[in-house]
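Before any comments, here is the structure.
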Amino acid sequence: GFTPRVFSGIQPSGGLTLGNYLGAMKRFVEMQNAGVYECIYCIVDLHAITVWQEPQALRRATRELCAGYIAVGIDPERSILFNQCQVAGHAQLAWIFNCVARLGWMQRMTQFKDKAGKNAQNASLGLFAYPTLMAADILLYHATHVPVGEDQKQHLELTRDIAAKFNHDYGVEFFPLPEPVIEGAATRVMSLRDGTKKMSKSDPSDMSRINLTDDADTIALKIRKARTDPDPLPESPEGLEGRPEARNLVNIYAALADKSVAEVLAEFGGKQFSEFKPALAELAVTHLSPISKRMAELMQDQAEIDRILARGADRAEEIAAPILRKTYEIVGL
Ligand code: ADP
Ligand code: NA
């Protein structure tokens, strides 16, 4: 058996969104507080540079993401919180996995197709190889559980395929097959402007997302302007069928309030969005304003953030080093 160990990461490629919070970070905190897992949370800067990042902005986003993790409730003593580039084993194991994964597997990854867009020939090779680096992130620690949003499901399946092929090819039971943890009412938070696209920190339109650092007025404005249809809210979850924008706002409400969608509709069914939206805005502000306040405080002391990350990297390295050494030995390197 493997030690119950959680690994997950977030890219420092812009400010944190409500999608990151509800789809991933809320679960990170719950799993830390469950007390049954050793939790490792990473700022995945090597993933961020698969698309162009301004160096100054990347450095700032890295520190801000560290502050964000702490502000939502990650305790850097209880969990290991660190920056990917500071543990060299991620890139080293990723190379080995580049030699395990098959080209055909990689070509099926839908996130690459979405992110590379029409001009895929001009995407970086790193963007294409992103999922093997992600497999390395997880397996470098023999992690058994990976809390993520719905969009990462296919990458987790690839991680399991890589672990299984490595074990099979070398005749070992060395890597665990990690379990995705995709839970809650908002595992896929959608853009506020387009109910078919996920909310993302890299979307060019700031009105499409709620950032964890948005002030109360901005949150209220973005929710007021969010796209909806003209009908009132339905009385039950089945009534959200074919209404992606309505479903998204109800899911967000449910996730923030820790209620089921049915409970939310029991309260708001039959009411207009003009009544629901202010209630949602108030709930979002209540949740997010203490987080943004704490982030701003933490950002006052950047030297302390750098110390936290350096210490996290040391602790991560301690777990990673023997696993990487053993991997090299198995491969014959
Ligand atoms: P982004 O897509 O905002 O750049 P990342 O790729 O850094 O975010 O993802 C960090 C975590 O947040 C992942 O677990 C991802 O699944 C989750 N996540 C990102 N966007 C959303 C969303 N819109 N809804 C739910 N979870 C999300
Ligand atoms: Na993503």
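Ordering of the structure tokens sets the chain letters (A, B, ...); residue numbers start at 1 within each chain; ligands are numbered from 1 in the order shown.
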Pick out the residues no farther than 9 Å from ligand 2, counting only C-alpha atoms and all ligand atoms, and list them as a ChimeraX atom specification. /A:10-11,20,111,149,151-152,200-201
Atoms to include: N, CA and C atoms. Write the selected residues as a PDB file, in the first residue's frame.
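New file selection_7.pdb:
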ATOM      1  N   ILE A  10      -1.550  24.623  -9.196  1.00  0.00           N
ATOM      2  CA  ILE A  10      -2.229  25.719  -9.900  1.00  0.00           C
ATOM      3  C   ILE A  10      -1.161  26.528 -10.628  1.00  0.00           C
ATOM      4  N   GLN A  11      -1.493  26.999 -11.830  1.00  0.00           N
ATOM      5  CA  GLN A  11      -0.519  27.775 -12.603  1.00  0.00           C
ATOM      6  C   GLN A  11      -0.489  29.238 -12.164  1.00  0.00           C
ATOM      7  N   ASN A  20     -11.075  28.435  -9.917  1.00  0.00           N
ATOM      8  CA  ASN A  20      -9.971  27.782  -9.197  1.00  0.00           C
ATOM      9  C   ASN A  20     -10.382  27.502  -7.755  1.00  0.00           C
ATOM     10  N   GLN A 111      -7.359  19.441 -24.044  1.00  0.00           N
ATOM     11  CA  GLN A 111      -6.923  20.762 -23.569  1.00  0.00           C
ATOM     12  C   GLN A 111      -5.893  21.361 -24.521  1.00  0.00           C
ATOM     13  N   GLY A 149     -10.385  20.232 -10.881  1.00  0.00           N
ATOM     14  CA  GLY A 149     -11.634  20.526 -11.579  1.00  0.00           C
ATOM     15  C   GLY A 149     -11.829  19.525 -12.707  1.00  0.00           C
ATOM     16  N   ASP A 151     -11.996  19.846 -15.799  1.00  0.00           N
ATOM     17  CA  ASP A 151     -11.168  20.016 -17.009  1.00  0.00           C
ATOM     18  C   ASP A 151      -9.886  19.178 -16.968  1.00  0.00           C
ATOM     19  N   GLN A 152      -9.494  18.712 -15.779  1.00  0.00           N
ATOM     20  CA  GLN A 152      -8.242  17.951 -15.662  1.00  0.00           C
ATOM     21  C   GLN A 152      -8.444  16.439 -15.691  1.00  0.00           C
ATOM     22  N   SER A 200     -11.781  31.041 -16.749  1.00  0.00           N
ATOM     23  CA  SER A 200     -10.341  30.811 -16.685  1.00  0.00           C
ATOM     24  C   SER A 200      -9.588  32.110 -16.464  1.00  0.00           C
ATOM     25  N   LYS A 201      -8.476  31.996 -15.725  1.00  0.00           N
ATOM     26  CA  LYS A 201      -7.660  33.178 -15.490  1.00  0.00           C
ATOM     27  C   LYS A 201      -6.999  33.666 -16.767  1.00  0.00           C
TER      28      LYS A 201
END
Skipping near chain neighbours, those fewer than 6 positions away, what residues fall within 9 Å of segment 305-308 of chain A using only C-alpha atoms, listed as a list of chain:residue names?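 Everything that qualifies: A:Arg63, A:Glu64, A:Cys66, A:Ala67, A:Pro76, A:Leu81, A:Phe82, A:Leu298, A:Met299.
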May I have all residues of segment 24-264 of chain A that DSSP, computed from the backbone, assigns to helix (DSSP H, G or I), given as an MDAnalysis selection string? chainID A and resid 24:34 45:48 55:72 84:86 89:98 103:107 110:116 120:122 125:139 150:170 206:208 216:225 237:240 244:257 261:264
Can you pull out every residue within 12 Å of segment 113-127 of chain A, counting only C-alpha atoms, but drop anything in the same chain fewer than 5 positions away, and send it as a PDB file with C-alpha atoms, in the first residue's frame?
ATOM      1  CA  LEU A  46       6.920  25.276 -15.396  1.00  0.00           C
ATOM      2  CA  HIS A  47       3.376  24.688 -16.651  1.00  0.00           C
ATOM      3  CA  ALA A  48       2.707  28.429 -16.834  1.00  0.00           C
ATOM      4  CA  ILE A  49       5.587  29.024 -19.295  1.00  0.00           C
ATOM      5  CA  THR A  50       4.099  26.615 -21.850  1.00  0.00           C
ATOM      6  CA  VAL A  51       2.499  29.852 -23.050  1.00  0.00           C
ATOM      7  CA  TRP A  52       4.335  33.204 -23.004  1.00  0.00           C
ATOM      8  CA  ALA A  91      11.493  18.182 -15.078  1.00  0.00           C
ATOM      9  CA  ALA A  94       8.828  14.418 -16.990  1.00  0.00           C
ATOM     10  CA  TRP A  95      11.601  13.507 -19.456  1.00  0.00           C
ATOM     11  CA  ASN A  98       8.053  11.618 -22.362  1.00  0.00           C
ATOM     12  CA  MET A 106      -0.865  12.873 -26.386  1.00  0.00           C
ATOM     13  CA  GLN A 107      -2.658  13.696 -29.625  1.00  0.00           C
ATOM     14  CA  ARG A 108      -5.990  12.846 -27.980  1.00  0.00           C
ATOM     15  CA  THR A 132       3.536  14.322 -19.091  1.00  0.00           C
ATOM     16  CA  LEU A 133       4.910  17.051 -16.820  1.00  0.00           C
ATOM     17  CA  MET A 134       1.654  16.885 -14.874  1.00  0.00           C
ATOM     18  CA  ASP A 151     -11.168  20.016 -17.009  1.00  0.00           C
ATOM     19  CA  LYS A 197     -16.598  28.125 -22.030  1.00  0.00           C
ATOM     20  CA  LYS A 198     -14.980  27.457 -18.663  1.00  0.00           C
ATOM     21  CA  SER A 200     -10.341  30.811 -16.685  1.00  0.00           C
ATOM     22  CA  SER A 202      -6.300  33.240 -19.035  1.00  0.00           C
ATOM     23  CA  ASP A 203      -9.566  34.394 -20.707  1.00  0.00           C
TER      24      ASP A 203
END
Need to verify the contact set: Gln53 of chain A, 10 Å, only C-alpha atoms, exclusion of same-chain residues closer than 6 positions in sequence. Can you return it as a PDB file with N, CA and C atoms, in the first residue's frame?
ATOM      1  N   PRO A  12       0.718  29.808 -12.024  1.00  0.00           N
ATOM      2  CA  PRO A  12       0.800  31.248 -11.746  1.00  0.00           C
ATOM      3  C   PRO A  12       0.732  32.042 -13.063  1.00  0.00           C
ATOM      4  N   SER A  13      -0.374  31.871 -13.764  1.00  0.00           N
ATOM      5  CA  SER A  13      -0.475  32.479 -15.094  1.00  0.00           C
ATOM      6  C   SER A  13      -1.477  33.620 -15.095  1.00  0.00           C
ATOM      7  N   GLY A  14      -1.719  34.208 -13.924  1.00  0.00           N
ATOM      8  CA  GLY A  14      -2.690  35.294 -13.795  1.00  0.00           C
ATOM      9  C   GLY A  14      -3.321  35.181 -12.431  1.00  0.00           C
ATOM     10  N   ASP A  45       4.875  26.695 -11.983  1.00  0.00           N
ATOM     11  CA  ASP A  45       5.401  27.728 -12.885  1.00  0.00           C
ATOM     12  C   ASP A  45       5.932  27.138 -14.189  1.00  0.00           C
ATOM     13  N   ARG A  59       6.898  36.287 -11.881  1.00  0.00           N
ATOM     14  CA  ARG A  59       7.446  36.295 -10.529  1.00  0.00           C
ATOM     15  C   ARG A  59       6.408  36.820  -9.533  1.00  0.00           C
TER      16      ARG A  59
END
